[in-house]
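Visitor: Dropping in protein.tsv, with TSV, C-alpha atoms.
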chain	number	residue	atom	x	y	z
A	29	MET	CA	163.90	45.06	123.43
A	30	HIS	CA	163.96	47.35	126.38
A	31	ARG	CA	167.35	48.55	125.55
A	32	LEU	CA	166.44	49.09	121.96
A	33	PHE	CA	163.65	51.41	122.84
A	34	ALA	CA	165.27	52.85	125.89
A	35	GLY	CA	166.49	55.80	123.86
A	36	CYS	CA	163.01	56.57	122.69
A	37	TYR	CA	161.54	56.78	126.16
A	38	PRO	CA	162.28	59.71	128.38
A	39	GLY	CA	164.49	58.90	131.34
A	40	GLN	CA	163.09	57.66	134.65
A	41	GLY	CA	163.31	61.13	136.20
A	42	SER	CA	161.63	62.99	133.36
A	43	ASN	CA	158.95	60.31	133.25
A	44	GLN	CA	158.01	61.17	136.82
A	45	GLN	CA	158.01	64.86	135.95
A	46	LEU	CA	155.68	64.14	133.11
A	47	LYS	CA	153.41	62.23	135.47
A	48	ILE	CA	153.36	65.16	137.88
A	49	ILE	CA	152.62	67.56	135.07
A	50	THR	CA	149.81	65.42	133.72
A	51	SER	CA	148.32	64.91	137.17
A	52	LYS	CA	148.49	68.67	137.74
A	53	MET	CA	146.79	69.24	134.43
A	54	TYR	CA	144.22	66.66	135.38
A	55	SER	CA	143.38	68.34	138.66
A	56	ARG	CA	143.24	71.70	136.95
A	57	PHE	CA	140.99	70.24	134.31
A	58	ILE	CA	138.71	68.78	136.97
A	59	VAL	CA	138.59	72.07	138.81
A	60	LEU	CA	137.68	73.76	135.55
A	61	LEU	CA	135.07	71.11	134.81
A	62	VAL	CA	133.52	71.48	138.25
A	63	PHE	CA	133.57	75.25	137.84
A	64	ILE	CA	131.88	75.08	134.45
A	65	SER	CA	129.23	72.61	135.57
A	66	CYS	CA	128.58	74.64	138.71
A	67	ASN	CA	128.27	77.71	136.61
A	68	SER	CA	125.85	76.16	134.15
A	69	LEU	CA	123.95	74.69	137.10
A	70	LEU	CA	123.61	78.15	138.55
A	71	PHE	CA	122.57	79.47	135.18
A	72	SER	CA	119.89	76.87	134.65
A	73	GLN	CA	118.57	77.53	138.13
A	74	GLU	CA	118.01	81.18	137.35
A	75	LYS	CA	115.20	80.34	134.96
A	76	TYR	CA	111.83	79.46	136.37
A	77	LEU	CA	108.89	78.19	134.40
A	78	THR	CA	105.26	77.24	134.71
A	79	ARG	CA	103.00	75.65	132.13
A	80	GLN	CA	99.99	75.81	134.40
A	81	GLY	CA	99.80	79.47	135.25
A	82	GLU	CA	96.38	80.94	135.93
A	83	VAL	CA	95.04	84.09	134.34
A	84	SER	CA	91.42	85.13	134.66
A	85	PHE	CA	89.45	88.19	133.79
A	86	TYR	CA	86.38	89.68	135.30
A	87	SER	CA	83.98	92.17	133.82
A	88	HIS	CA	81.49	93.74	136.15
A	89	THR	CA	78.44	95.69	135.05
A	90	PRO	CA	75.06	96.19	136.70
A	91	VAL	CA	73.55	93.97	134.00
A	92	GLU	CA	75.82	90.95	134.42
A	93	ASP	CA	79.17	89.74	135.65
A	94	ILE	CA	81.36	87.86	133.24
A	95	LYS	CA	84.30	85.75	134.28
A	96	ALA	CA	86.70	83.59	132.34
A	97	GLU	CA	89.59	81.47	133.53
A	98	ASN	CA	92.66	80.15	131.80
A	99	LYS	CA	94.79	77.61	133.63
A	100	GLN	CA	97.28	76.78	130.91
A	101	VAL	CA	99.37	79.92	130.91
A	102	LEU	CA	103.03	79.53	130.05
A	103	SER	CA	105.30	81.86	131.97
A	104	ILE	CA	109.06	82.08	132.26
A	105	VAL	CA	110.94	84.25	134.74
A	106	ASP	CA	114.68	84.75	134.59
A	107	LEU	CA	115.95	85.78	138.01
A	108	ALA	CA	119.36	86.67	136.60
A	109	SER	CA	118.06	89.40	134.32
A	110	GLY	CA	114.57	89.93	135.74
A	111	GLU	CA	112.97	89.19	132.41
A	112	VAL	CA	109.44	87.82	132.31
A	113	ALA	CA	107.80	86.18	129.29
A	114	ILE	CA	104.19	85.07	129.35
A	115	ASN	CA	102.22	83.29	126.63
A	116	ILE	CA	98.48	82.82	126.73
A	117	LEU	CA	96.17	80.90	124.43
A	118	MET	CA	92.96	82.88	123.97
A	119	LYS	CA	90.90	79.75	123.37
A	120	SER	CA	91.94	78.38	126.76
A	121	PHE	CA	89.77	81.00	128.48
A	122	LEU	CA	86.80	79.04	129.73
A	123	PHE	CA	83.52	80.80	130.45
A	124	GLU	CA	80.55	79.68	132.43
A	125	LYS	CA	78.28	80.18	129.44
A	126	ALA	CA	79.05	78.71	126.04
A	127	LEU	CA	77.54	81.72	124.29
A	128	MET	CA	79.88	84.13	126.05
A	129	GLN	CA	82.87	82.01	125.11
A	130	GLU	CA	81.69	81.92	121.52
A	131	HIS	CA	81.25	85.71	121.36
A	132	PHE	CA	84.59	86.28	123.05
A	133	ASN	CA	86.47	84.07	120.59
A	134	GLU	CA	84.61	84.86	117.40
A	135	ASN	CA	83.66	88.50	117.73
A	136	TYR	CA	85.81	90.24	120.33
A	137	VAL	CA	89.34	88.86	120.40
A	138	GLU	CA	89.06	86.97	117.09
A	139	SER	CA	91.09	84.09	118.42
A	140	ASP	CA	91.30	82.33	115.06
A	141	LYS	CA	93.24	85.29	113.71
A	142	PHE	CA	95.06	86.09	116.97
A	143	PRO	CA	95.34	82.82	118.91
A	144	LYS	CA	97.78	84.12	121.53
A	145	ALA	CA	98.21	86.98	123.92
A	146	THR	CA	101.75	87.66	125.04
A	147	PHE	CA	103.52	89.70	127.66
A	148	THR	CA	107.23	90.41	127.72
A	149	GLY	CA	108.72	92.57	130.39
A	150	LYS	CA	111.22	93.06	133.11
A	151	ILE	CA	111.14	93.27	136.89
A	152	ASN	CA	112.45	96.76	137.54
A	153	ASN	CA	113.24	96.36	141.22
A	154	LEU	CA	114.79	92.89	140.89
A	155	ALA	CA	117.49	93.38	143.53
A	156	GLU	CA	114.93	94.42	146.16
A	157	VAL	CA	112.67	91.50	145.31
A	158	LEU	CA	115.51	88.97	145.45
A	159	SER	CA	116.79	90.21	148.77
A	160	GLY	CA	113.29	90.02	150.22
A	161	ASP	CA	113.23	93.75	151.07
A	162	ASN	CA	110.27	94.25	148.83
A	163	HIS	CA	107.52	91.76	148.12
A	164	VAL	CA	106.02	93.82	145.35
A	165	ALA	CA	107.66	93.42	141.98
A	166	GLU	CA	107.26	96.26	139.55
A	167	VAL	CA	107.01	94.72	136.13
A	168	ARG	CA	107.20	96.94	133.11
A	169	GLY	CA	106.63	95.53	129.66
A	170	ARG	CA	104.54	95.12	126.59
A	171	LEU	CA	101.21	93.36	126.42
A	172	THR	CA	99.88	92.06	123.11
A	173	ILE	CA	96.20	91.17	122.77
A	174	HIS	CA	94.18	90.98	119.57
A	175	GLY	CA	97.31	91.83	117.60
A	176	ILE	CA	97.74	95.18	119.37
A	177	THR	CA	100.75	95.87	121.58
A	178	LYS	CA	100.61	98.36	124.44
A	179	PRO	CA	103.10	99.24	127.13
A	180	VAL	CA	101.90	98.23	130.60
A	181	GLU	CA	103.12	98.51	134.15
A	182	ILE	CA	102.00	95.82	136.53
A	183	GLU	CA	102.58	95.37	140.22
A	184	ALA	CA	102.89	91.77	141.28
A	185	LYS	CA	103.19	90.20	144.70
A	186	ALA	CA	106.42	88.26	144.49
A	187	ASN	CA	107.18	85.32	146.76
A	188	ILE	CA	110.28	83.23	146.50
A	189	GLU	CA	109.71	80.14	148.65
A	190	GLY	CA	112.27	77.39	148.40
A	191	ASP	CA	112.49	76.58	144.73
A	192	LYS	CA	109.19	78.26	143.88
A	193	VAL	CA	108.86	81.73	142.40
A	194	ILE	CA	105.30	82.95	142.76
A	195	LEU	CA	103.93	86.04	141.06
A	196	LYS	CA	100.38	87.11	141.85
A	197	GLY	CA	98.36	90.20	141.19
A	198	LYS	CA	95.72	92.01	139.24
A	199	PHE	CA	95.46	94.97	136.93
A	200	MET	CA	92.90	96.70	134.77
A	201	ILE	CA	92.89	96.86	131.00
A	202	ALA	CA	90.69	99.02	128.84
A	203	VAL	CA	88.99	96.94	126.18
A	204	ALA	CA	89.13	99.79	123.65
A	205	ASP	CA	92.94	99.98	123.92
A	206	TYR	CA	93.23	96.67	122.12
A	207	ASP	CA	90.82	97.56	119.34
A	208	ILE	CA	88.20	95.16	120.64
A	209	LYS	CA	84.85	96.26	119.33
A	210	ILE	CA	81.77	95.55	121.35
A	211	PRO	CA	78.42	95.81	119.58
A	212	ALA	CA	75.94	98.40	120.85
A	213	ILE	CA	73.39	95.77	121.99
A	214	VAL	CA	75.73	94.27	124.58
A	215	ARG	CA	77.53	97.49	125.45
A	216	ASN	CA	75.87	97.57	128.85
A	217	ASN	CA	76.74	93.95	129.53
A	218	ILE	CA	80.49	94.30	129.16
A	219	ALA	CA	82.63	96.60	131.25
A	220	ARG	CA	84.87	99.12	129.51
A	221	GLU	CA	87.67	98.15	131.85
A	222	VAL	CA	88.24	94.51	132.61
A	223	GLU	CA	90.07	93.25	135.68
A	224	VAL	CA	92.80	90.75	134.88
A	225	SER	CA	94.12	88.53	137.69
A	226	PHE	CA	97.12	86.26	137.48
A	227	LYS	CA	98.73	83.61	139.63
A	228	LEU	CA	101.95	82.14	138.33
A	229	GLU	CA	103.80	79.52	140.34
A	230	HIS	CA	107.14	78.96	138.65
A	231	LEU	CA	109.44	76.03	139.29
A	232	PRO	CA	113.10	75.70	138.26
A	233	TYR	CA	113.43	75.08	134.55
A	234	ASN	CA	115.69	72.29	133.46
F	23	MET	CA	33.62	99.04	117.49
F	24	ASN	CA	33.45	95.38	118.25
F	25	SER	CA	35.68	94.42	115.33
F	26	ILE	CA	38.29	97.05	116.34
F	27	LYS	CA	38.25	95.73	119.87
F	28	ARG	CA	38.70	92.23	118.54
F	29	SER	CA	41.62	93.14	116.28
F	30	VAL	CA	43.33	94.98	119.15
F	31	TYR	CA	42.78	91.94	121.32
F	32	ILE	CA	44.20	89.58	118.68
F	33	SER	CA	47.19	91.74	117.85
F	34	GLY	CA	47.85	92.00	121.61
F	35	ILE	CA	47.95	88.23	121.85
F	36	ILE	CA	50.22	87.96	118.81
F	37	ILE	CA	52.65	90.54	120.22
F	38	ALA	CA	52.69	88.84	123.62
F	39	ALA	CA	53.28	85.44	121.98
F	40	GLY	CA	56.08	86.96	119.86
F	41	ILE	CA	57.78	88.42	122.93
F	42	LEU	CA	57.43	85.10	124.76
F	43	ILE	CA	58.88	83.12	121.85
F	44	GLY	CA	61.68	85.68	121.53
F	45	ALA	CA	62.44	85.41	125.24
F	46	VAL	CA	62.48	81.62	125.11
F	47	ILE	CA	64.83	81.62	122.12
F	48	PHE	CA	67.03	84.18	123.82
F	49	MET	CA	67.19	82.19	127.07
F	50	LYS	CA	67.92	79.00	125.14
F	51	GLN	CA	70.76	80.72	123.29
F	52	TYR	CA	72.01	82.41	126.44
F	53	ASN	CA	72.06	79.17	128.40
F	54	LYS	CA	73.27	77.06	125.51
F	55	PRO	CA	75.46	74.31	126.98
F	56	HIS	CA	79.13	73.82	126.17
F	57	THR	CA	80.05	71.12	123.67
F	58	ASP	CA	79.66	67.82	125.44
F	59	VAL	CA	82.98	66.14	124.78
F	60	HIS	CA	81.75	62.90	126.40
F	61	SER	CA	79.18	62.14	123.75
F	62	ALA	CA	80.69	64.02	120.80
F	63	ASP	CA	82.50	62.16	118.05
F	64	PRO	CA	86.11	63.31	117.58
F	65	ASP	CA	86.87	65.45	114.55
F	66	TYR	CA	90.35	63.96	114.31
F	67	THR	CA	91.99	60.86	115.77
F	68	LEU	CA	95.77	60.81	116.00
F	69	THR	CA	98.76	59.93	118.17
F	70	ALA	CA	100.49	62.35	120.55
F	71	THR	CA	103.67	62.14	118.44
F	72	SER	CA	101.99	63.04	115.16
F	73	LEU	CA	99.91	65.83	116.74
F	74	LEU	CA	103.01	67.47	118.18
F	75	GLU	CA	104.83	67.01	114.89
F	76	VAL	CA	102.08	68.81	112.96
F	77	PHE	CA	102.19	71.78	115.37
F	78	LYS	CA	105.98	71.94	115.32
F	79	THR	CA	106.27	71.93	111.53
F	80	ASP	CA	103.65	74.58	110.82
F	81	GLU	CA	101.81	76.10	113.74
F	82	THR	CA	99.57	78.37	111.66
F	83	SER	CA	98.20	75.59	109.47
F	84	ALA	CA	97.88	73.31	112.50
F	85	ASN	CA	95.89	76.04	114.24
F	86	SER	CA	93.47	76.36	111.34
F	87	LEU	CA	93.12	72.59	111.26
F	88	TYR	CA	92.76	71.74	114.93
F	89	LEU	CA	91.72	74.81	116.98
F	90	ASP	CA	88.35	74.33	118.69
F	91	LYS	CA	88.11	70.83	117.25
F	92	ILE	CA	87.61	67.67	119.28
F	93	LEU	CA	90.77	65.62	119.05
F	94	GLN	CA	91.16	62.03	120.13
F	95	VAL	CA	94.79	61.56	121.05
F	96	GLU	CA	96.57	58.34	121.90
F	97	GLY	CA	99.71	58.58	123.98
F	98	VAL	CA	101.74	57.45	126.97
F	99	ILE	CA	101.23	59.19	130.32
F	100	LYS	CA	104.30	61.19	131.28
F	101	ASP	CA	102.83	62.95	134.28
F	102	ILE	CA	99.63	63.32	136.27
F	103	SER	CA	98.98	66.39	138.39
F	104	ALA	CA	96.09	68.41	139.73
F	105	VAL	CA	95.28	72.11	139.92
F	106	ASP	CA	92.29	73.29	141.96
F	107	GLY	CA	90.75	69.83	141.99
F	108	ASN	CA	91.02	69.34	138.24
F	109	SER	CA	93.45	66.76	137.01
F	110	ILE	CA	95.97	67.36	134.28
F	111	ILE	CA	97.40	64.51	132.26
F	112	THR	CA	100.58	65.06	130.27
F	113	LEU	CA	101.07	62.76	127.33
F	114	GLY	CA	104.75	62.42	126.56
F	115	VAL	CA	106.40	62.22	123.19
F	116	GLU	CA	109.58	60.17	122.87
F	117	ASN	CA	112.84	62.09	122.46
F	118	SER	CA	111.12	65.42	122.99
F	119	GLY	CA	110.72	67.85	125.85
F	120	GLU	CA	107.36	68.91	124.46
F	121	SER	CA	104.18	67.06	125.18
F	122	ILE	CA	100.40	67.13	125.01
F	123	ILE	CA	98.85	68.68	128.13
F	124	CYS	CA	95.27	67.58	128.74
F	125	ASN	CA	93.19	69.49	131.25
F	126	MET	CA	90.61	66.96	132.31
F	127	TYR	CA	86.92	67.47	132.93
F	128	PRO	CA	86.11	67.35	136.66
F	129	THR	CA	84.01	64.23	136.01
F	130	GLU	CA	87.20	62.38	135.10
F	131	ASN	CA	88.91	62.78	138.47
F	132	LYS	CA	87.91	59.30	139.67
F	133	LYS	CA	89.11	57.63	136.49
F	134	VAL	CA	92.39	59.54	136.63
F	135	LEU	CA	93.12	58.11	140.08
F	136	GLY	CA	93.31	54.67	138.52
F	137	LEU	CA	95.93	55.71	136.00
F	138	HIS	CA	99.70	55.58	136.34
F	139	LYS	CA	102.73	56.94	134.55
F	140	GLY	CA	103.83	55.00	131.51
F	141	GLN	CA	100.33	53.77	130.76
F	142	LYS	CA	99.00	54.10	127.24
F	143	ILE	CA	95.66	55.91	127.07
F	144	THR	CA	93.38	57.70	124.66
F	145	VAL	CA	92.10	61.14	125.59
F	146	LYS	CA	89.42	63.17	123.87
F	147	GLY	CA	89.43	66.94	124.28
F	148	ILE	CA	89.14	70.34	122.64
F	149	CYS	CA	92.38	71.69	121.23
F	150	THR	CA	93.14	75.30	122.16
F	151	GLY	CA	96.59	75.63	120.62
F	152	PHE	CA	100.33	75.28	121.10
F	153	LEU	CA	102.69	77.02	123.53
F	154	LEU	CA	105.58	74.78	124.56
F	155	ASP	CA	103.09	71.96	124.40
F	156	VAL	CA	99.86	71.22	122.58
F	157	ILE	CA	96.95	71.95	124.91
F	158	LEU	CA	93.61	70.18	125.20
F	159	VAL	CA	90.82	71.40	127.49
F	160	ARG	CA	87.59	69.80	128.75
F	161	ALA	CA	89.24	66.47	128.09
F	162	VAL	CA	87.83	63.04	128.92
F	163	ILE	CA	89.38	59.59	128.93
F	164	SER	CA	87.99	57.54	126.09
F	165	SER	CA	89.76	54.24	126.84
Could you show the structure in this file as structure tokens?

Guide:
Amino acid sequence: MHRLFAGCYPGQGSNQQLKIITSKMYSRFIVLLVFISCNSLLFSQEKYLTRQGEVSFYSHTPVEDIKAENKQVLSIVDLASGEVAINILMKSFLFEKALMQEHFNENYVESDKFPKATFTGKINNLAEVLSGDNHVAEVRGRLTIHGITKPVEIEAKANIEGDKVILKGKFMIAVADYDIKIPAIVRNNIAREVEVSFKLEHLPYN
Amino acid sequence: MNSIKRSVYISGIIIAAGILIGAVIFMKQYNKPHTDVHSADPDYTLTATSLLEVFKTDETSANSLYLDKILQVEGVIKDISAVDGNSIITLGVENSGESIICNMYPTENKKVLGLHKGQKITVKGICTGFLLDVILVRAVISS
């Protein structure tokens, strides 16, 4: 039997060569595999996400102060490109008074028609922020509220601690910019410029 | 003279009463309480899986159906966490990265301590929409 098939098999020497070749290919393949998985690991670690970001706004007038908090903000930061994407549900803004929340949703931001506010932007000084030279990230992007999109520039305190990427800050927005109409009767109760604060603690996204 | 005096007096009382009633109505409206999820009957009762499915197939129609409504959702606890002293229960959906995130009422904190991952529970809360997950606020544990 052996002899019969001997011709079909490569000789003893070439068999060993084949083995060496295959083992070389194997090790190369493994190196490649490790490289690819490392690479994708690095890639996946560049994206940071939070589903429990906090955004609040505060309107101050001599008549009354109005505050609303939203603790279900979705925010994604990509540290490879510096891109930031934030999604906010308008109905998740909780007010102290039910009436204020009702007016906010029904009359001002019309949250049935426009259920979400979004921000997409980019950290302009990403290299400085990543190296720790600068703890203030300059984020430039587009903010959409009430169906109206406006360019905005926001400064955020950036902290990268361990596997956490924290962005914190506040900025002012003019209510009229987003075509939000406030009736004359409550004009004195609601500030023309509202202070928006945010605190986003991102964790690695996997 | 006397009758004029009297009519002035009466109209004064009527105006004062009107202002008082107006003020009371205004204060009542102004201090109107939030919907009490504890005692309210749910508008819809469904499972975490079917709720997520509805939002994933057509978000706009799901929004018009469920936004601001009290939903009673049955599901399995995937995660329990807390932010600023308020607990958050995540109800998982099998074979899906998405879930139902329930921001619990502060009164529920004690009850939440007794819960553990993998447990099947029913949560009642107000639906505010869908991001990566369906979100319920002011939620309470109903069983």

Visitor: Please provide the set of residues having any atom within 12 Å of Asn133 (chain A), restricted to all atoms listed in the file, with same-chain residues fewer than 2 positions apart removed, written as a list in words.

Guide: Ala96, Leu117, Met118, Lys119, Ser120, Phe121, Leu122, Phe123, Ala126, Leu127, Met128, Gln129, Glu130, His131, Asn135, Tyr136, Val137, Glu138, Ser139, Asp140, Lys141, Phe142, Pro143, Lys144, His174 and Ile208 of chain A; Leu89, Asp90 and Thr150 of chain F

Visitor: Select, counting all atoms listed in the file, all protein, DNA and RNA residues no farther than 12 Å from (79.5, 90.4, 135.1) in file coordinates, and express the selection as a list in words.

Guide: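 Applying the cut-off with all atoms listed in the file, one gets Phe85, Tyr86, Ser87, His88, Thr89, Pro90, Val91, Glu92, Asp93, Ile94, Lys95, Ala96, Phe123, Glu124, Lys125, Met128, Val214, Asn216, Asn217, Ile218, Ala219, Arg220, Glu221, Val222 and Glu223 of chain A.
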
Visitor: Once you have the residues from the selection above, write them out as a compact mmCIF listing (two decimals), keeping the file's coordinate frame, restricted to C-alpha atoms.

Guide:
# COMPACT_ATOMS: atom_id res chain seq x y z
CA PHE A 85 89.45 88.19 133.79
CA TYR A 86 86.38 89.68 135.30
CA SER A 87 83.98 92.17 133.82
CA HIS A 88 81.49 93.74 136.15
CA THR A 89 78.44 95.69 135.05
CA PRO A 90 75.06 96.19 136.70
CA VAL A 91 73.55 93.97 134.00
CA GLU A 92 75.82 90.95 134.42
CA ASP A 93 79.17 89.74 135.65
CA ILE A 94 81.36 87.86 133.24
CA LYS A 95 84.30 85.75 134.28
CA ALA A 96 86.70 83.59 132.34
CA PHE A 123 83.52 80.80 130.45
CA GLU A 124 80.55 79.68 132.43
CA LYS A 125 78.28 80.18 129.44
CA MET A 128 79.88 84.13 126.05
CA VAL A 214 75.73 94.27 124.58
CA ASN A 216 75.87 97.57 128.85
CA ASN A 217 76.74 93.95 129.53
CA ILE A 218 80.49 94.30 129.16
CA ALA A 219 82.63 96.60 131.25
CA ARG A 220 84.87 99.12 129.51
CA GLU A 221 87.67 98.15 131.85
CA VAL A 222 88.24 94.51 132.61
CA GLU A 223 90.07 93.25 135.68

Visitor: Between F:Lys91, F:Lys78, F:Lys27, F:Arg160, single out the one closest to Ile110 (chain F), counting all atoms listed in the file.

Guide: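 Among the listed residues, F:Arg160 lies closest to Ile110 (chain F).
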
Visitor: With a cut-off of 6 Å, could you pull out the residues of chain F touching chain A and give me the nearest pair of atoms for each, distance in Å to one decimal, using only C-alpha atoms, ordered by chain and ascending number, as a Markdown table?

Guide:
| residue | atom | partner | partner_atom | distance |
| --- | --- | --- | --- | --- |
| F:Tyr52 | CA | A:Leu127 | CA | 6.0 |
| F:Pro55 | CA | A:Ala126 | CA | 5.8 |
| F:His56 | CA | A:Ala126 | CA | 4.9 |
| F:Thr150 | CA | A:Lys119 | CA | 5.1 |

Visitor: Restricting the output to C-alpha atoms, write the selected residues as a PDB file, keeping the file's coordinate frame.

Guide:
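As a result, result_7.pdb now contains:
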ATOM      1  CA  TYR F  52      72.010  82.410 126.440  1.00  0.00           C
ATOM      2  CA  PRO F  55      75.460  74.310 126.980  1.00  0.00           C
ATOM      3  CA  HIS F  56      79.130  73.820 126.170  1.00  0.00           C
ATOM      4  CA  THR F 150      93.140  75.300 122.160  1.00  0.00           C
TER       5      THR F 150
END

Visitor: For Thr146 (chain A), find every residue with an atom within 6 Å (counting all atoms listed in the file), except residues of its own chain fewer than 2 positions away, and show them as number ranges by chain.

Guide: A: 114-115, 171-172

Visitor: Those same residues, written as a PDB file, in the frame of the given file with C-alpha atoms?

Guide:
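Everything below was put into again37.pdb:
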ATOM      1  CA  ILE A 114     104.190  85.070 129.350  1.00  0.00           C
ATOM      2  CA  ASN A 115     102.220  83.290 126.630  1.00  0.00           C
ATOM      3  CA  LEU A 171     101.210  93.360 126.420  1.00  0.00           C
ATOM      4  CA  THR A 172      99.880  92.060 123.110  1.00  0.00           C
TER       5      THR A 172
END

Visitor: Which is closer to Thr112 (chain F) than all the others in F:Glu81, F:Glu75, F:Asp155, F:Glu130, using only C-alpha atoms?

Guide: F:Asp155

Visitor: CA of Gly197 (chain A) and CA of Val164 (chain A), how far apart in Å?

Guide: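 Between these atoms lies a distance of 9.4 Å.
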
Visitor: At a cut-off of 7 Å, using all atoms listed in the file, what residues contact Lys150 (chain A)? Leave out same-chain residues fewer than 6 positions from it and give the result as a list in words.

Guide: Gly110, Glu111, Val112, Val167, Arg168 and Gly169 of chain A

Visitor: Just the selected residues (C-alpha atoms), exported as a PDB file, in the frame of the given file, please.

Guide:
ATOM      1  CA  GLY A 110     114.570  89.930 135.740  1.00  0.00           C
ATOM      2  CA  GLU A 111     112.970  89.190 132.410  1.00  0.00           C
ATOM      3  CA  VAL A 112     109.440  87.820 132.310  1.00  0.00           C
ATOM      4  CA  VAL A 167     107.010  94.720 136.130  1.00  0.00           C
ATOM      5  CA  ARG A 168     107.200  96.940 133.110  1.00  0.00           C
ATOM      6  CA  GLY A 169     106.630  95.530 129.660  1.00  0.00           C
TER       7      GLY A 169
END

Visitor: Which one is closest to Val180 (chain A): A:Glu74, A:Glu166, A:Glu229, A:Glu134? Count only C-alpha atoms.

Guide: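 Between A:Glu74, A:Glu166, A:Glu229, A:Glu134, the residue approaching Val180 (chain A) most closely is A:Glu166.
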
Visitor: When you look at Pro232 (chain A) with a cut-off of 7 Å (counting only C-alpha atoms), what residues show up, excluding the ones that are within fewer than 3 positions of it in the same chain? I need them as a PyMOL selection string.

Guide: chain A and resi 73+75-77+191

Visitor: Just the selected residues (C-alpha atoms), exported as a PDB file, in the frame of the given file, please.

Guide:
ATOM      1  CA  GLN A  73     118.570  77.530 138.130  1.00  0.00           C
ATOM      2  CA  LYS A  75     115.200  80.340 134.960  1.00  0.00           C
ATOM      3  CA  TYR A  76     111.830  79.460 136.370  1.00  0.00           C
ATOM      4  CA  LEU A  77     108.890  78.190 134.400  1.00  0.00           C
ATOM      5  CA  ASP A 191     112.490  76.580 144.730  1.00  0.00           C
TER       6      ASP A 191
END
